[in-house]
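Printed here is protein13.csv (CSV, C-alpha atoms):
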chain,number,residue,atom,x,y,z
A,382,MET,CA,111.1,167.9,90.5
A,383,ALA,CA,107.9,169.1,88.9
A,384,LYS,CA,107.5,168.4,85.2
A,385,THR,CA,107.5,171.4,82.9
A,386,PRO,CA,104.0,171.8,81.3
A,387,SER,CA,104.1,171.4,77.5
A,388,VAL,CA,101.7,173.1,75.1
A,389,LEU,CA,101.1,172.3,71.4
A,390,MET,CA,99.6,175.4,69.6
A,391,ILE,CA,97.8,174.9,66.3
A,392,VAL,CA,97.1,177.8,63.8
A,393,GLU,CA,95.9,177.3,60.3
A,394,ASN,CA,94.8,180.6,58.8
A,395,THR,CA,98.2,182.5,59.3
A,396,VAL,CA,101.8,181.6,59.4
A,397,ALA,CA,103.9,181.4,62.5
A,398,PRO,CA,105.6,183.5,63.7
A,399,HIS,CA,103.7,186.2,61.9
A,400,ASP,CA,100.3,185.6,63.5
A,401,GLN,CA,99.7,188.6,65.7
A,402,ARG,CA,97.8,186.7,68.4
A,403,VAL,CA,99.1,183.1,68.5
A,404,TRP,CA,102.8,184.0,68.5
A,405,PRO,CA,102.6,186.6,71.3
A,406,GLU,CA,100.6,184.0,73.3
A,407,ALA,CA,103.3,181.4,72.6
A,408,LEU,CA,106.0,183.8,73.7
A,409,MET,CA,104.1,184.6,76.9
A,410,LEU,CA,103.6,180.9,77.7
A,411,HIS,CA,107.3,180.2,77.1
A,412,ASP,CA,108.3,183.1,79.3
A,413,CYS,CA,106.2,181.6,82.1
A,414,GLY,CA,108.1,178.3,81.9
A,415,TYR,CA,106.0,176.3,79.5
A,416,GLN,CA,107.6,174.3,76.7
A,417,VAL,CA,105.8,175.4,73.5
A,418,CYS,CA,105.5,173.9,70.1
A,419,VAL,CA,103.6,175.5,67.2
A,420,ILE,CA,102.1,173.9,64.0
A,421,SER,CA,101.2,176.3,61.2
A,422,PRO,CA,101.2,176.4,57.4
A,423,LYS,CA,104.2,177.7,55.5
A,424,GLY,CA,102.1,180.1,53.6
A,425,ILE,CA,101.7,180.6,49.8
A,426,SER,CA,105.0,180.3,47.8
A,427,ASP,CA,106.8,180.2,51.1
A,428,SER,CA,110.3,178.7,51.4
A,429,ARG,CA,110.5,178.7,55.2
A,430,GLU,CA,111.9,175.6,56.8
A,431,ALA,CA,109.6,172.8,57.7
A,432,TYR,CA,111.1,173.0,61.3
A,433,THR,CA,112.7,175.8,63.1
A,434,PHE,CA,113.6,176.7,66.7
A,435,LEU,CA,112.7,180.3,67.2
A,436,ASP,CA,112.8,182.3,70.4
A,437,GLY,CA,112.7,179.1,72.4
A,438,ILE,CA,109.7,177.7,70.6
A,439,HIS,CA,109.6,174.7,68.3
A,440,VAL,CA,107.8,175.6,65.0
A,441,TYR,CA,106.6,172.9,62.6
A,442,ARG,CA,105.2,174.0,59.2
A,443,TYR,CA,103.5,172.3,56.3
A,444,ASN,CA,102.7,173.2,52.7
A,445,LEU,CA,99.3,174.5,52.0
A,446,PRO,CA,98.0,175.3,48.4
A,447,SER,CA,96.7,178.6,47.3
A,448,ILE,CA,92.9,178.8,47.4
A,449,GLY,CA,90.2,181.1,46.2
A,450,VAL,CA,86.9,181.7,47.9
A,451,LYS,CA,84.8,178.8,46.5
A,452,TYR,CA,83.4,176.1,48.7
A,453,VAL,CA,85.5,173.4,47.1
A,454,ASN,CA,88.7,175.3,47.7
A,455,TYR,CA,88.0,175.6,51.5
A,456,ILE,CA,87.2,171.9,51.7
A,457,LEU,CA,90.5,171.1,50.0
A,458,GLU,CA,92.5,173.6,52.2
A,459,TYR,CA,91.0,172.4,55.5
A,460,SER,CA,91.3,168.7,54.5
A,461,ILE,CA,95.0,169.1,53.8
A,462,ALA,CA,95.5,171.2,56.9
A,463,PHE,CA,93.8,168.6,59.1
A,464,VAL,CA,95.8,165.7,57.8
A,465,MET,CA,99.1,167.5,58.0
A,466,THR,CA,98.4,168.9,61.5
A,467,PHE,CA,97.4,165.4,62.7
A,468,TRP,CA,100.6,164.0,61.3
A,469,LEU,CA,102.8,166.7,62.8
A,470,SER,CA,101.1,166.4,66.1
A,471,PHE,CA,102.3,162.7,66.2
A,472,LYS,CA,105.8,163.8,65.4
A,473,ILE,CA,105.8,166.5,68.2
A,474,TRP,CA,104.2,164.1,70.7
A,475,PHE,CA,107.1,161.6,70.3
A,476,ARG,CA,109.8,164.2,70.0
A,477,HIS,CA,108.8,166.7,72.7
A,478,GLY,CA,105.5,165.6,74.3
A,479,PHE,CA,102.7,167.9,75.2
A,480,ASP,CA,100.0,168.2,77.9
A,481,VAL,CA,97.8,170.8,76.3
A,482,ILE,CA,96.5,171.3,72.7
A,483,HIS,CA,95.8,175.0,72.2
A,484,VAL,CA,93.9,175.5,68.9
A,485,ALA,CA,93.3,178.9,67.3
A,486,ASN,CA,90.4,179.2,64.9
A,487,PRO,CA,89.3,179.5,62.2
A,488,PRO,CA,88.6,176.8,61.1
A,489,ASP,CA,86.7,174.9,63.9
A,490,ILE,CA,87.8,171.4,62.9
A,491,PHE,CA,90.7,170.6,65.1
A,492,PHE,CA,88.5,169.5,68.1
A,493,MET,CA,88.7,166.1,66.4
A,494,VAL,CA,92.5,166.1,66.9
A,495,ALA,CA,91.9,167.0,70.6
A,496,LEU,CA,89.3,164.2,70.9
A,497,PHE,CA,91.9,161.6,69.9
A,498,TYR,CA,94.5,162.9,72.4
A,499,ARG,CA,91.9,163.0,75.2
A,500,PHE,CA,92.4,159.2,75.4
A,501,PHE,CA,95.9,160.0,76.5
A,502,GLY,CA,95.0,162.6,79.1
A,503,LYS,CA,95.7,165.7,77.0
A,504,LYS,CA,93.7,169.0,77.7
A,505,PHE,CA,92.1,171.0,74.9
A,506,VAL,CA,92.0,174.8,74.8
A,507,PHE,CA,89.8,176.4,72.1
A,508,ASP,CA,91.1,179.8,71.3
A,509,GLN,CA,88.3,181.5,69.4
A,510,HIS,CA,89.6,184.4,67.3
A,511,ASP,CA,86.6,184.7,65.0
A,512,LEU,CA,83.0,183.6,64.9
A,513,SER,CA,83.4,181.1,62.0
A,514,PRO,CA,79.6,180.8,61.2
A,515,GLU,CA,79.3,184.6,60.8
A,516,MET,CA,82.6,184.8,58.9
A,517,PHE,CA,81.5,182.3,56.3
A,518,GLN,CA,78.2,184.0,55.9
A,519,VAL,CA,80.0,187.2,55.1
A,520,ILE,CA,82.5,185.5,52.7
A,521,PHE,CA,79.7,183.7,50.8
A,522,ASN,CA,77.2,186.6,51.1
A,523,LYS,CA,74.7,184.5,53.1
A,524,ARG,CA,74.1,182.2,50.1
A,525,SER,CA,74.3,178.9,51.9
A,526,LYS,CA,72.3,178.0,54.9
A,527,ILE,CA,73.8,174.5,54.8
A,528,VAL,CA,77.3,175.9,55.2
A,529,TYR,CA,76.2,178.2,58.1
A,530,ASN,CA,74.5,175.3,59.9
A,531,LEU,CA,77.6,173.2,59.4
A,532,MET,CA,79.8,175.9,60.8
A,533,ARG,CA,77.5,176.3,63.8
A,534,TYR,CA,77.8,172.6,64.4
A,535,LEU,CA,81.6,172.5,64.2
A,536,GLU,CA,81.8,175.6,66.5
A,537,PHE,CA,79.4,173.9,69.0
A,538,CYS,CA,81.6,170.7,69.0
A,539,SER,CA,84.7,172.8,69.6
A,540,TYR,CA,83.0,174.5,72.6
A,541,ARG,CA,81.8,171.2,74.0
A,542,VAL,CA,85.0,169.3,73.6
A,543,ALA,CA,87.2,172.1,75.0
A,544,ASP,CA,88.3,171.9,78.6
A,545,LEU,CA,88.7,175.7,78.5
A,546,VAL,CA,87.7,178.4,76.0
A,547,ILE,CA,89.6,181.6,75.3
A,548,VAL,CA,87.9,184.5,73.5
A,549,THR,CA,89.0,188.0,72.5
A,550,ASN,CA,86.3,190.1,74.1
A,551,GLU,CA,83.2,190.1,76.2
A,552,SER,CA,80.8,189.9,73.2
A,553,GLN,CA,82.4,186.6,72.2
A,554,LYS,CA,82.3,185.4,75.8
A,555,LYS,CA,78.5,185.9,75.9
A,556,ILE,CA,78.2,183.9,72.6
A,557,ALA,CA,80.3,181.1,74.1
A,558,ILE,CA,78.0,180.9,77.1
A,559,TRP,CA,74.8,181.2,75.2
A,560,ARG,CA,75.5,179.4,71.9
A,561,GLY,CA,78.1,177.0,73.2
A,562,ARG,CA,76.4,176.3,76.5
A,563,CYS,CA,79.8,176.9,78.2
A,564,GLN,CA,80.0,177.5,82.0
A,565,ASN,CA,81.1,181.0,82.8
A,566,ASP,CA,84.2,179.9,84.7
A,567,LYS,CA,85.3,177.9,81.6
A,568,VAL,CA,85.5,181.0,79.4
A,569,PHE,CA,88.4,183.5,79.7
A,570,VAL,CA,88.8,186.8,77.8
A,571,VAL,CA,92.3,187.3,76.5
A,572,ARG,CA,92.1,190.5,74.4
A,573,ASN,CA,93.9,191.1,71.2
A,574,SER,CA,96.8,193.6,71.5
A,575,SER,CA,99.7,194.8,69.4
A,576,ASN,CA,103.3,193.7,69.3
A,577,LEU,CA,104.5,196.8,67.4
A,578,LYS,CA,107.1,198.9,69.1
A,579,PRO,CA,106.9,202.6,68.3
A,580,LEU,CA,110.0,204.5,67.0
A,581,SER,CA,111.5,207.3,69.0
A,582,GLU,CA,111.1,209.5,65.9
A,583,THR,CA,109.2,209.5,62.6
A,584,LEU,CA,110.9,209.2,59.3
A,585,SER,CA,109.3,211.5,56.7
A,586,ALA,CA,111.4,209.9,53.9
A,587,HIS,CA,109.0,206.9,53.9
A,588,ARG,CA,106.0,209.0,52.9
A,589,THR,CA,104.4,207.4,49.9
A,590,ASN,CA,103.3,210.4,47.8
A,591,SER,CA,105.5,213.5,48.1
A,592,GLN,CA,102.7,215.6,46.5
A,593,ALA,CA,100.3,214.8,49.4
A,594,THR,CA,100.1,216.8,52.6
A,595,TYR,CA,98.1,214.3,54.6
A,596,PHE,CA,98.5,210.5,54.7
A,597,LEU,CA,95.8,207.9,55.5
A,598,GLY,CA,97.0,204.4,56.5
A,599,TYR,CA,95.6,200.9,56.6
A,600,VAL,CA,97.3,197.7,57.8
A,601,GLY,CA,95.9,194.3,57.9
A,602,VAL,CA,94.2,191.5,56.0
A,603,MET,CA,92.2,192.5,52.9
A,604,GLY,CA,89.4,189.9,52.8
A,605,VAL,CA,85.7,190.4,51.9
A,606,GLN,CA,84.8,190.9,55.6
A,607,ASP,CA,87.4,193.7,56.1
A,608,GLY,CA,85.7,196.4,54.1
A,609,VAL,CA,88.8,198.0,52.6
A,610,GLU,CA,86.6,199.2,49.7
A,611,HIS,CA,85.0,201.7,52.1
A,612,ALA,CA,88.4,203.4,52.5
A,613,LEU,CA,88.7,203.7,48.8
A,614,TYR,CA,85.2,205.0,48.3
A,615,ALA,CA,85.9,207.5,51.1
A,616,LEU,CA,89.1,208.6,49.4
A,617,ASP,CA,87.1,209.0,46.2
A,618,GLU,CA,84.6,211.2,48.0
A,619,LEU,CA,87.4,213.4,49.4
A,620,VAL,CA,89.5,213.7,46.2
A,621,HIS,CA,87.0,213.9,43.4
A,622,LYS,CA,83.9,215.3,45.1
A,623,ARG,CA,85.4,217.6,47.7
A,624,GLY,CA,88.5,218.5,45.8
A,625,ARG,CA,91.0,217.3,48.4
A,626,GLN,CA,94.0,216.5,46.3
A,627,ASP,CA,96.1,217.0,49.5
A,628,VAL,CA,95.4,213.4,50.8
A,629,SER,CA,96.8,210.0,49.9
A,630,LEU,CA,96.2,206.5,51.2
A,631,VAL,CA,98.8,203.8,51.8
A,632,LEU,CA,97.7,200.2,52.5
A,633,PHE,CA,99.8,197.4,54.0
A,634,GLY,CA,98.6,193.8,53.8
A,635,ASP,CA,97.2,191.2,51.5
A,636,GLY,CA,94.2,189.0,51.1
A,637,THR,CA,91.7,187.4,48.8
A,638,ASN,CA,90.1,190.7,48.0
A,639,LEU,CA,93.3,192.5,47.0
A,640,PRO,CA,92.8,192.1,43.2
A,641,THR,CA,89.3,193.5,43.4
A,642,LEU,CA,90.6,196.5,45.5
A,643,ARG,CA,93.3,197.3,43.0
A,644,SER,CA,90.7,197.2,40.2
A,645,LEU,CA,88.4,199.4,42.2
A,646,ALA,CA,91.1,202.0,42.9
A,647,HIS,CA,91.9,202.2,39.1
A,648,LYS,CA,88.2,202.4,38.3
A,649,LEU,CA,87.8,205.3,40.7
A,650,LYS,CA,90.8,207.0,39.1
A,651,LEU,CA,92.8,206.9,42.4
A,652,ASP,CA,96.0,205.4,41.1
A,653,GLU,CA,98.1,208.4,42.0
A,654,TYR,CA,96.5,208.7,45.5
A,655,VAL,CA,96.7,205.0,46.5
A,656,ASP,CA,99.7,202.8,47.2
A,657,PHE,CA,99.3,199.1,47.9
A,658,LYS,CA,102.5,198.0,49.7
A,659,GLY,CA,101.6,194.4,50.5
A,660,TRP,CA,103.2,192.8,53.5
A,661,VAL,CA,106.5,194.4,54.4
A,662,LEU,CA,109.3,193.9,57.0
A,663,HIS,CA,108.3,194.7,60.5
A,664,GLU,CA,110.7,197.6,60.9
A,665,TYR,CA,109.7,199.2,57.6
A,666,LEU,CA,106.0,198.9,58.5
A,667,ILE,CA,106.5,200.7,61.8
A,668,GLU,CA,108.5,203.5,60.0
A,669,CYS,CA,105.8,204.0,57.4
A,670,LEU,CA,102.9,203.9,59.9
A,671,SER,CA,104.8,206.4,62.0
A,672,THR,CA,104.4,209.0,59.2
A,673,VAL,CA,100.7,208.4,58.8
A,674,ASP,CA,98.4,211.2,59.9
A,675,ILE,CA,95.2,209.2,60.2
A,676,ALA,CA,94.6,205.4,60.5
A,677,LEU,CA,91.6,203.7,59.1
A,678,VAL,CA,89.5,200.8,60.4
A,679,PRO,CA,86.9,200.4,57.6
A,680,ASP,CA,85.5,197.1,58.8
A,681,PRO,CA,81.7,197.3,58.2
A,682,GLU,CA,78.8,196.2,60.2
A,683,ASN,CA,78.1,192.7,58.8
A,684,GLY,CA,77.1,190.3,61.5
A,685,LEU,CA,80.7,189.4,62.3
A,686,ASN,CA,82.7,192.6,62.9
A,687,GLU,CA,80.4,193.8,65.6
A,688,PHE,CA,81.8,191.0,67.8
A,689,SER,CA,85.4,191.2,66.7
A,690,THR,CA,88.4,193.0,68.2
A,691,MET,CA,90.6,194.3,65.4
A,692,ILE,CA,94.4,194.0,66.0
A,693,LYS,CA,95.0,196.8,63.6
A,694,THR,CA,93.1,199.1,65.9
A,695,MET,CA,95.7,198.2,68.6
A,696,ASP,CA,98.6,198.7,66.2
A,697,TYR,CA,97.4,202.2,65.4
A,698,MET,CA,96.8,203.1,69.1
A,699,ILE,CA,100.2,201.9,70.3
A,700,LEU,CA,101.8,204.1,67.6
A,701,GLY,CA,99.7,207.1,68.7
A,702,LYS,CA,97.6,207.4,65.5
A,703,PRO,CA,94.1,208.9,65.6
A,704,ILE,CA,91.6,206.5,64.1
A,705,ILE,CA,88.5,206.7,61.9
A,706,ALA,CA,86.2,203.6,62.2
A,707,PHE,CA,82.6,202.6,61.8
A,708,ASP,CA,80.7,202.6,65.1
A,709,LEU,CA,80.8,199.0,66.1
A,710,ALA,CA,80.5,197.9,69.7
A,711,GLU,CA,83.9,196.2,70.2
A,712,THR,CA,85.8,198.7,68.1
A,713,ARG,CA,84.4,201.5,70.3
A,714,PHE,CA,85.3,199.6,73.4
A,715,SER,CA,88.9,199.2,72.2
A,716,ALA,CA,89.6,202.7,70.9
A,717,GLN,CA,87.1,204.8,72.9
A,718,GLU,CA,88.2,208.4,72.4
A,719,ALA,CA,91.2,207.5,70.3
A,720,ALA,CA,88.8,207.3,67.3
A,721,LEU,CA,86.0,209.2,65.6
A,722,TYR,CA,83.1,206.9,64.6
A,723,ALA,CA,81.1,207.0,61.4
A,724,LYS,CA,77.6,205.6,61.0
A,725,PRO,CA,78.0,201.9,60.1
A,726,ASN,CA,78.6,201.3,56.4
A,727,LEU,CA,77.9,204.9,55.4
A,728,THR,CA,81.0,205.9,53.3
A,729,GLU,CA,80.1,209.6,53.1
A,730,ASP,CA,80.1,209.8,56.9
A,731,PHE,CA,83.4,208.0,57.0
A,732,ALA,CA,84.8,210.7,54.7
A,733,ASN,CA,83.2,213.4,56.9
A,734,LYS,CA,85.1,212.0,59.9
A,735,ILE,CA,88.4,211.9,58.0
A,736,GLU,CA,87.9,215.5,56.9
A,737,ILE,CA,87.3,216.6,60.5
A,738,LEU,CA,90.7,215.2,61.5
A,739,LEU,CA,92.4,216.5,58.4
A,740,ASP,CA,91.5,220.0,59.5
A,741,ASP,CA,92.3,219.7,63.2
A,742,GLU,CA,95.9,218.9,64.0
A,743,GLN,CA,95.4,219.4,67.8
A,744,LEU,CA,92.5,216.9,67.8
A,745,ARG,CA,94.7,214.4,65.9
A,746,ILE,CA,97.5,214.8,68.5
A,747,ARG,CA,95.0,214.5,71.5
A,748,MET,CA,93.4,211.3,70.1
A,749,GLY,CA,96.8,209.8,69.4
A,750,ASP,CA,97.8,210.4,73.0
A,751,ILE,CA,94.6,208.8,74.3
A,752,GLY,CA,95.3,205.7,72.3
A,753,ARG,CA,98.9,205.4,73.5
A,754,HIS,CA,97.8,205.7,77.1
A,755,ARG,CA,95.0,203.3,76.7
A,756,MET,CA,97.4,200.7,75.3
A,757,LYS,CA,99.8,201.2,78.2
A,758,ASP,CA,97.1,201.3,81.0
A,759,ALA,CA,94.6,198.7,79.8
A,760,LEU,CA,95.1,196.9,76.5
A,761,GLY,CA,98.8,196.0,76.2
A,762,TRP,CA,100.0,192.4,76.1
A,763,GLU,CA,101.0,192.6,79.7
A,764,HIS,CA,97.4,192.9,80.7
A,765,SER,CA,96.4,190.0,78.4
A,766,LYS,CA,99.2,187.9,79.7
A,767,GLU,CA,97.7,188.0,83.2
A,768,GLN,CA,94.4,186.5,81.8
A,769,LEU,CA,96.2,183.9,79.7
A,770,ILE,CA,98.3,182.6,82.6
A,771,CYS,CA,95.2,182.6,84.9
A,772,ALA,CA,93.4,180.5,82.3
A,773,TYR,CA,96.3,178.0,82.2
A,774,ARG,CA,96.6,177.8,85.9
A,775,THR,CA,92.8,177.0,86.1
A,776,LEU,CA,93.2,174.4,83.3
A,777,LEU,CA,96.1,172.6,84.9
A,778,SER,CA,95.1,172.9,88.6
A,779,PRO,CA,94.5,169.7,90.5
A,780,GLY,CA,91.0,168.4,89.9
A,781,ASN,CA,90.6,169.8,86.4
How would this structure read if it were set down as structure tokens?
Amino acid sequence: MAKTPSVLMIVENTVAPHDQRVWPEALMLHDCGYQVCVISPKGISDSREAYTFLDGIHVYRYNLPSIGVKYVNYILEYSIAFVMTFWLSFKIWFRHGFDVIHVANPPDIFFMVALFYRFFGKKFVFDQHDLSPEMFQVIFNKRSKIVYNLMRYLEFCSYRVADLVIVTNESQKKIAIWRGRCQNDKVFVVRNSSNLKPLSETLSAHRTNSQATYFLGYVGVMGVQDGVEHALYALDELVHKRGRQDVSLVLFGDGTNLPTLRSLAHKLKLDEYVDFKGWVLHEYLIECLSTVDIALVPDPENGLNEFSTMIKTMDYMILGKPIIAFDLAETRFSAQEAALYAKPNLTEDFANKIEILLDDEQLRIRMGDIGRHRMKDALGWEHSKEQLICAYRTLLSPGN
């Protein structure tokens, strides 16, 4: 009888099962007959169990301290994460066993864990969510060439040690081949998608501001690289310069830049037009997003976002929401005609595009329908599943 293949998945920058890429991948592998274990942090002030068995997947978690955005804080975070991940991998190895180590980045440090297990015949999959060198350049405002070069080195090591590389889009595949010197047949594109399930009807009771006629929505991480301040500046343009007191903005999510964003909203005198919801329960998020008229993707052009596929874009499309975004290559590929595109980083044009949709209900409906159909026909997890399973079959085929 053939042995069931076993996979150990490692994620550091989000919490399982709430990671919107790793967890769907884990579920897909489990549904295809793989035994799956996941290592992740518990999250800040999190009381989740150190171990849980969820949806057929073994989840092991460790405590990780709260950090800021200083160099020393990242060193501390990644050091603790590396030690705890290595320790838990031993525990999983003896309890369950595994054939493959599947590492999601950032950070790009866990190739060292894979190198150790290579002596025992384990395979290594490098699942590149973000370009870490570019991400750290954005976070630290390109202040440290040393950090950038270190990130490039760690990324290169991850590429070279990996038996197989998974990326989120064709732009990242080109970088893996060029910068990582990976063979074309070693790199597989498994696109980001959405695991949201639309409701059969919208619930107007969940609207944030009963005085507003139109609602803008944002969901996702609020870090330096995410550009949420552009959404606030665009709202300021609409409300205070164009006299549109009929519009409001609700934001779901959290991140290192949230305190700055709250202060900015107050400074711009937008308190009555903005509602920061934080992370909310899955069902409540869907209900609230279902009442949004226009969804925002304010990620700016910064050397990173041009090569990234935003999961929030997929979330909006599967719920049939028209999108306003800056004109970035991968965002345009994902949304196509489901979005209107502003000139990169030009807030006034972002506001212009919002106003076009505010004044054209039929265009909003048509764009929402385009997004829904694109998710169904090309970008849903079922399509990504085919690529993920193809990658694993290649990885575990005889001779590899």
**Q.** Closest of A:Trp559, A:Ile547, A:Tyr455, A:Tyr498 to A:Ile770 - atom-to-atom distances counting all atoms listed in the file
**A.** A:Ile547
Q: Figure out the distance between atom CA of A:Leu613 and atom CA of A:Ala716, please, to one decimal in Å.
A: 22.1 Å
Q.
For a test of reading the model, state the distance in Å between atom CA of A:Ile692 and atom CA of A:Thr549, rounded to one decimal.
A. 10.4 Å
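For the residues A:Thr395, A:Thr712, A:Ser644, A:Gln768, ranking by smallest atom-to-atom distance to A:Ser689 using only C-alpha atoms places A:Thr712 first.
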Q) Could you work out how far atom CA of A:Met695 lies from atom CA of A:Glu711, giving the answer in Å with one decimal? A) 12.1 Å
Q.
Counting all atoms listed in the file, which residue out of A:Asp617, A:Arg562, A:Lys702, A:His510 sits closest to A:Phe731?
A.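 Closest to A:Phe731, using all atoms listed in the file: A:Asp617.
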Q: Fewer than 6 positions away in the same chain doesn't count, so skip those; otherwise give me all residues within 10 Å of A:Ile735, counting only C-alpha atoms, as a list of chain:residue names.
A: A:Leu597, A:Ala615, A:Leu616, A:Leu619, A:Ile675, A:Ala676, A:Leu677, A:Pro703, A:Ile704, A:Ile705, A:Ala706, A:Leu721, A:Tyr722, A:Ala723, A:Glu729
Limited to C-alpha atoms, could you put the picked residues into a file as a compact mmCIF listing (two decimals), in the coordinates of the input?
# COMPACT_ATOMS: atom_id res chain seq x y z
CA LEU A 597 95.80 207.90 55.50
CA ALA A 615 85.90 207.50 51.10
CA LEU A 616 89.10 208.60 49.40
CA LEU A 619 87.40 213.40 49.40
CA ILE A 675 95.20 209.20 60.20
CA ALA A 676 94.60 205.40 60.50
CA LEU A 677 91.60 203.70 59.10
CA PRO A 703 94.10 208.90 65.60
CA ILE A 704 91.60 206.50 64.10
CA ILE A 705 88.50 206.70 61.90
CA ALA A 706 86.20 203.60 62.20
CA LEU A 721 86.00 209.20 65.60
CA TYR A 722 83.10 206.90 64.60
CA ALA A 723 81.10 207.00 61.40
CA GLU A 729 80.10 209.60 53.10
**Q.** Residue nearest A:Tyr665 among A:Arg623, A:Lys555, A:Lys578, A:Lys648 (counting only C-alpha atoms)
**A.** A:Lys578
Q.
Here is a test: counting only C-alpha atoms, which residue of A:Glu664, A:Asp680, A:Asp740, A:Asp566 is nearest to A:Val605?
A.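 Distance minimum relative to A:Val605 lands on A:Asp680.
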Q | Selected residue of minimal separation from A:Lys622 among A:Val519, A:Ala407, A:Asn733, A:Asp412, counting all atoms listed in the file | A |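 Smallest separation from A:Lys622 among the options: A:Asn733.
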(Q) Around (90.4, 199.0, 68.4), as given in the file, which residues come within 10 Å? Count all atoms listed in the file and list them as JSON, numbers by chain. (A) {"A": [573, 574, 678, 689, 690, 691, 692, 693, 694, 695, 696, 697, 698, 704, 706, 709, 711, 712, 713, 714, 715, 716, 717, 719, 720, 752, 756, 760]}
Residues of stretch 541-620 of chain A that have any atom at most 7 Å from an atom of stretch 627-630 of chain A: could you tabulate them with the shortest-distance atom pair and the distance in Å to one decimal, using all atoms listed in the file, ordered by chain and increasing number, as a tab-separated table?
residue	atom	partner	partner_atom	distance
A:Asn590	CA	A:Ser629	CA	6.8
A:Ala593	CA	A:Asp627	CA	4.7
A:Thr594	CA	A:Asp627	CA	5.1
A:Tyr595	CA	A:Val628	CA	4.7
A:Phe596	CA	A:Ser629	CA	5.1
A:Leu597	CA	A:Leu630	CA	4.5
A:Gly598	CA	A:Leu630	CA	5.8
Q. Leaving out A:Ala557 and any residue of its chain fewer than 4 positions from it, which residues lie within 8 Å of it when counting all atoms listed in the file, given as a list in words?
A.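 Using all atoms listed in the file, the neighbours found are Tyr540, Gln553, Gly561, Arg562, Cys563 and Val568 of chain A.
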Restrict the calculation to only C-alpha atoms, then for each residue of stretch 574-677 of chain A with any atom at most 12 Å from an atom of stretch 520-531 of chain A give the closest atom pair and their distance in Å to one decimal, rows by chain and rising residue number, as a tab-separated table.
residue	atom	partner	partner_atom	distance
A:Met603	CA	A:Ile520	CA	12.0
A:Gly604	CA	A:Ile520	CA	8.2
A:Val605	CA	A:Ile520	CA	5.9
A:Gln606	CA	A:Ile520	CA	6.5
A:Asp607	CA	A:Ile520	CA	10.1
A:Gly608	CA	A:Ile520	CA	11.4
A:Thr637	CA	A:Ile520	CA	10.2
A:Asn638	CA	A:Ile520	CA	10.3
Restricting it to C-alpha atoms, dump the selection as a JSON list (two decimals), in the coordinates of the input.
[["chain", "number", "residue", "atom", "x", "y", "z"],
["A", 603, "MET", "CA", 92.20, 192.50, 52.90],
["A", 604, "GLY", "CA", 89.40, 189.90, 52.80],
["A", 605, "VAL", "CA", 85.70, 190.40, 51.90],
["A", 606, "GLN", "CA", 84.80, 190.90, 55.60],
["A", 607, "ASP", "CA", 87.40, 193.70, 56.10],
["A", 608, "GLY", "CA", 85.70, 196.40, 54.10],
["A", 637, "THR", "CA", 91.70, 187.40, 48.80],
["A", 638, "ASN", "CA", 90.10, 190.70, 48.00]]
Q.
Residues within 12 Å of A:Phe492, please, as a ChimeraX atom specification. Count all atoms listed in the file; anything in the same chain fewer than 3 positions from it doesn't count.
A. /A:391,463,466-467,482-489,495-499,504-508,534-544,546
Kindly export the residues of the current selection with C-alpha atoms, as a JSON list (two decimals), in the coordinates of the input.
[["chain", "number", "residue", "atom", "x", "y", "z"],
["A", 391, "ILE", "CA", 97.80, 174.90, 66.30],
["A", 463, "PHE", "CA", 93.80, 168.60, 59.10],
["A", 466, "THR", "CA", 98.40, 168.90, 61.50],
["A", 467, "PHE", "CA", 97.40, 165.40, 62.70],
["A", 482, "ILE", "CA", 96.50, 171.30, 72.70],
["A", 483, "HIS", "CA", 95.80, 175.00, 72.20],
["A", 484, "VAL", "CA", 93.90, 175.50, 68.90],
["A", 485, "ALA", "CA", 93.30, 178.90, 67.30],
["A", 486, "ASN", "CA", 90.40, 179.20, 64.90],
["A", 487, "PRO", "CA", 89.30, 179.50, 62.20],
["A", 488, "PRO", "CA", 88.60, 176.80, 61.10],
["A", 489, "ASP", "CA", 86.70, 174.90, 63.90],
["A", 495, "ALA", "CA", 91.90, 167.00, 70.60],
["A", 496, "LEU", "CA", 89.30, 164.20, 70.90],
["A", 497, "PHE", "CA", 91.90, 161.60, 69.90],
["A", 498, "TYR", "CA", 94.50, 162.90, 72.40],
["A", 499, "ARG", "CA", 91.90, 163.00, 75.20],
["A", 504, "LYS", "CA", 93.70, 169.00, 77.70],
["A", 505, "PHE", "CA", 92.10, 171.00, 74.90],
["A", 506, "VAL", "CA", 92.00, 174.80, 74.80],
["A", 507, "PHE", "CA", 89.80, 176.40, 72.10],
["A", 508, "ASP", "CA", 91.10, 179.80, 71.30],
["A", 534, "TYR", "CA", 77.80, 172.60, 64.40],
["A", 535, "LEU", "CA", 81.60, 172.50, 64.20],
["A", 536, "GLU", "CA", 81.80, 175.60, 66.50],
["A", 537, "PHE", "CA", 79.40, 173.90, 69.00],
["A", 538, "CYS", "CA", 81.60, 170.70, 69.00],
["A", 539, "SER", "CA", 84.70, 172.80, 69.60],
["A", 540, "TYR", "CA", 83.00, 174.50, 72.60],
["A", 541, "ARG", "CA", 81.80, 171.20, 74.00],
["A", 542, "VAL", "CA", 85.00, 169.30, 73.60],
["A", 543, "ALA", "CA", 87.20, 172.10, 75.00],
["A", 544, "ASP", "CA", 88.30, 171.90, 78.60],
["A", 546, "VAL", "CA", 87.70, 178.40, 76.00]]
